[in-house]
Amino acid sequence: MPTKSKVLDLEHIVREVAVRTGGTIKDTSKVVDALLDVLSENLQAGHTIHLADFATLTIPPQKQKEK
């Protein structure tokens, strides 16, 4: 029987990172929020983000709607 996959939301991710780094939830939340802001801003600017051994993030160009 297949195992149901676990879905982590931002709160869970922050808690996991805080535990692993020994940081506070408050400080870890600031760091995670800043990281997500940097990623989002760069993706919106059309940049590709390559995180070695993890993922390459990009937003594909949108097709223009015909009028």
# chains A, B, ... in the order shown; residues from 1 in each chain; ligands from 1
$ residues_around --residues "stretch 28-43 of chain A" --least-positions-apart "6" --cutoff "10 Å" --atoms "only C-alpha atoms" --output "tab-separated table (two decimals) with N, CA, C and O atoms, in the first residue's frame"
chain	number	residue	atom	x	y	z
A	10	LEU	N	4.70	26.49	5.24
A	10	LEU	CA	5.80	27.37	5.62
A	10	LEU	C	6.10	27.30	7.11
A	10	LEU	O	7.26	27.29	7.53
A	11	GLU	N	5.06	27.22	7.94
A	11	GLU	CA	5.26	27.14	9.39
A	11	GLU	C	6.07	25.91	9.78
A	11	GLU	O	6.99	25.99	10.60
A	13	ILE	N	8.14	24.23	7.83
A	13	ILE	CA	9.51	24.39	7.31
A	13	ILE	C	10.32	25.27	8.25
A	13	ILE	O	11.46	24.93	8.60
A	14	VAL	N	9.75	26.38	8.68
A	14	VAL	CA	10.46	27.27	9.60
A	14	VAL	C	10.82	26.53	10.89
A	14	VAL	O	11.94	26.63	11.38
A	15	ARG	N	9.88	25.77	11.43
A	15	ARG	CA	10.16	25.02	12.67
A	15	ARG	C	11.29	24.01	12.47
A	15	ARG	O	12.16	23.87	13.32
A	16	GLU	N	11.25	23.28	11.35
A	16	GLU	CA	12.29	22.28	11.07
A	16	GLU	C	13.67	22.94	10.95
A	16	GLU	O	14.65	22.44	11.49
A	17	VAL	N	13.73	24.06	10.23
A	17	VAL	CA	15.00	24.75	10.06
A	17	VAL	C	15.49	25.29	11.42
A	17	VAL	O	16.68	25.19	11.74
A	18	ALA	N	14.59	25.82	12.22
A	18	ALA	CA	14.97	26.34	13.54
A	18	ALA	C	15.54	25.22	14.42
A	18	ALA	O	16.57	25.41	15.08
A	19	VAL	N	14.91	24.07	14.40
A	19	VAL	CA	15.40	22.94	15.19
A	19	VAL	C	16.79	22.51	14.71
A	19	VAL	O	17.71	22.32	15.51
A	21	THR	N	19.06	24.21	13.11
A	21	THR	CA	20.12	25.21	13.25
A	21	THR	C	20.27	25.71	14.68
A	21	THR	O	21.21	26.43	14.97
A	22	GLY	N	19.32	25.36	15.54
A	22	GLY	CA	19.37	25.84	16.91
A	22	GLY	C	18.93	27.29	17.03
A	22	GLY	O	19.15	27.93	18.06
A	49	ILE	N	17.09	30.58	-11.36
A	49	ILE	CA	17.77	30.32	-10.09
A	49	ILE	C	18.17	28.86	-10.08
A	49	ILE	O	17.32	27.97	-10.24
A	57	LEU	N	15.00	26.84	-10.85
A	57	LEU	CA	13.71	27.52	-10.85
A	57	LEU	C	13.68	28.58	-11.93
A	57	LEU	O	14.63	29.33	-12.10
A	58	THR	N	12.59	28.62	-12.66
A	58	THR	CA	12.40	29.62	-13.69
A	58	THR	C	10.90	29.79	-13.93
A	58	THR	O	10.13	28.88	-13.66
A	59	ILE	N	10.52	30.94	-14.39
A	59	ILE	CA	9.13	31.17	-14.78
A	59	ILE	C	9.12	31.24	-16.30
A	59	ILE	O	9.76	32.11	-16.88
A	60	PRO	N	8.43	30.29	-16.94
A	60	PRO	CA	8.42	30.30	-18.40
A	60	PRO	C	7.73	31.56	-18.93
A	60	PRO	O	6.82	32.10	-18.29
$ atom_distance --atom1 "atom CA of A:Lys6" --atom2 "atom CA of A:Ile25"
21.3 Å
$ atom_distance --atom1 "atom CA of A:Phe54" --atom2 "atom CA of A:Thr3"
22.8 Å
$ select_by_dssp --residues "chain A" --states "strand (DSSP E)" --output "list of chain:residue names"
A:Ile49, A:His50, A:Leu51, A:Ala55, A:Thr56, A:Leu57
$ select_by_dssp --residues "stretch 14-62 of chain A" --states "alpha helix (DSSP H)" --output "ChimeraX atom specification"
/A:14-21,25-44
$ residues_around --residues "stretch 61-64 of chain A" --least-positions-apart "4" --cutoff "12 Å" --atoms "only C-alpha atoms" --output "PDB file with N, CA, C and O atoms, in the first residue's frame"
ATOM      1  N   LEU A  43      12.914  35.677  -9.753  1.00  0.00           N
ATOM      2  CA  LEU A  43      12.088  34.971 -10.731  1.00  0.00           C
ATOM      3  C   LEU A  43      11.212  35.949 -11.496  1.00  0.00           C
ATOM      4  O   LEU A  43      11.077  35.860 -12.718  1.00  0.00           O
ATOM      5  N   GLN A  44      10.622  36.913 -10.792  1.00  0.00           N
ATOM      6  CA  GLN A  44       9.776  37.910 -11.450  1.00  0.00           C
ATOM      7  C   GLN A  44      10.573  38.788 -12.408  1.00  0.00           C
ATOM      8  O   GLN A  44      10.034  39.292 -13.388  1.00  0.00           O
ATOM      9  N   ALA A  45      11.874  38.950 -12.132  1.00  0.00           N
ATOM     10  CA  ALA A  45      12.732  39.739 -13.013  1.00  0.00           C
ATOM     11  C   ALA A  45      13.199  38.933 -14.223  1.00  0.00           C
ATOM     12  O   ALA A  45      13.938  39.441 -15.062  1.00  0.00           O
ATOM     13  N   GLY A  46      12.780  37.669 -14.294  1.00  0.00           N
ATOM     14  CA  GLY A  46      13.125  36.848 -15.447  1.00  0.00           C
ATOM     15  C   GLY A  46      14.406  36.050 -15.291  1.00  0.00           C
ATOM     16  O   GLY A  46      14.870  35.435 -16.249  1.00  0.00           O
ATOM     17  N   HIS A  47      14.974  36.032 -14.095  1.00  0.00           N
ATOM     18  CA  HIS A  47      16.205  35.281 -13.858  1.00  0.00           C
ATOM     19  C   HIS A  47      15.907  33.806 -13.604  1.00  0.00           C
ATOM     20  O   HIS A  47      14.829  33.457 -13.149  1.00  0.00           O
ATOM     21  N   THR A  48      16.891  32.982 -13.889  1.00  0.00           N
ATOM     22  CA  THR A  48      16.827  31.566 -13.549  1.00  0.00           C
ATOM     23  C   THR A  48      17.626  31.377 -12.273  1.00  0.00           C
ATOM     24  O   THR A  48      18.712  31.938 -12.117  1.00  0.00           O
TER      25      THR A  48
END
$ decode --residues "chain A" --atoms "C-alpha atoms" --output "compact mmCIF listing (two decimals), in the first residue's frame"
# COMPACT_ATOMS: atom_id res chain seq x y z
CA MET A 1 0.00 0.00 0.00
CA PRO A 2 1.51 3.39 -1.01
CA THR A 3 2.41 5.79 1.76
CA LYS A 4 0.58 9.10 1.77
CA SER A 5 3.05 11.91 1.15
CA LYS A 6 3.47 14.60 3.79
CA VAL A 7 2.77 18.20 2.86
CA LEU A 8 4.84 20.81 4.67
CA ASP A 9 3.60 24.37 4.92
CA LEU A 10 5.80 27.37 5.62
CA GLU A 11 5.26 27.14 9.39
CA HIS A 12 6.49 23.55 9.46
CA ILE A 13 9.51 24.39 7.31
CA VAL A 14 10.46 27.27 9.60
CA ARG A 15 10.16 25.02 12.67
CA GLU A 16 12.29 22.28 11.07
CA VAL A 17 15.00 24.75 10.06
CA ALA A 18 14.97 26.34 13.54
CA VAL A 19 15.40 22.94 15.19
CA ARG A 20 18.24 21.94 12.86
CA THR A 21 20.12 25.21 13.25
CA GLY A 22 19.37 25.84 16.91
CA GLY A 23 17.85 29.21 16.01
CA THR A 24 14.69 30.79 17.31
CA ILE A 25 11.44 30.53 15.38
CA LYS A 26 11.36 34.33 15.08
CA ASP A 27 14.90 34.65 13.65
CA THR A 28 14.48 31.62 11.40
CA SER A 29 11.21 33.01 10.08
CA LYS A 30 12.96 36.26 9.12
CA VAL A 31 15.66 34.35 7.25
CA VAL A 32 13.20 32.08 5.42
CA ASP A 33 10.99 35.05 4.50
CA ALA A 34 14.02 36.96 3.19
CA LEU A 35 15.13 33.94 1.14
CA LEU A 36 11.68 33.57 -0.38
CA ASP A 37 11.57 37.30 -1.16
CA VAL A 38 14.93 37.12 -2.95
CA LEU A 39 13.84 34.07 -4.94
CA SER A 40 10.50 35.62 -5.87
CA GLU A 41 11.99 38.98 -6.90
CA ASN A 42 14.59 37.31 -9.10
CA LEU A 43 12.09 34.97 -10.73
CA GLN A 44 9.78 37.91 -11.45
CA ALA A 45 12.73 39.74 -13.01
CA GLY A 46 13.12 36.85 -15.45
CA HIS A 47 16.21 35.28 -13.86
CA THR A 48 16.83 31.57 -13.55
CA ILE A 49 17.77 30.32 -10.09
CA HIS A 50 19.96 27.22 -9.87
CA LEU A 51 20.22 25.56 -6.46
CA ALA A 52 22.88 22.89 -6.87
CA ASP A 53 21.71 19.34 -6.15
CA PHE A 54 18.17 20.58 -5.56
CA ALA A 55 16.38 22.43 -8.36
CA THR A 56 16.51 24.97 -11.12
CA LEU A 57 13.71 27.52 -10.85
CA THR A 58 12.40 29.62 -13.69
CA ILE A 59 9.13 31.17 -14.78
CA PRO A 60 8.42 30.30 -18.40
CA PRO A 61 7.53 33.22 -20.67
CA GLN A 62 3.80 33.81 -20.92
CA LYS A 63 2.15 33.64 -24.32
CA GLN A 64 0.50 36.89 -25.31
CA LYS A 65 -3.25 36.67 -25.73
CA GLU A 66 -4.49 37.40 -29.21
CA LYS A 67 -7.00 40.24 -29.48
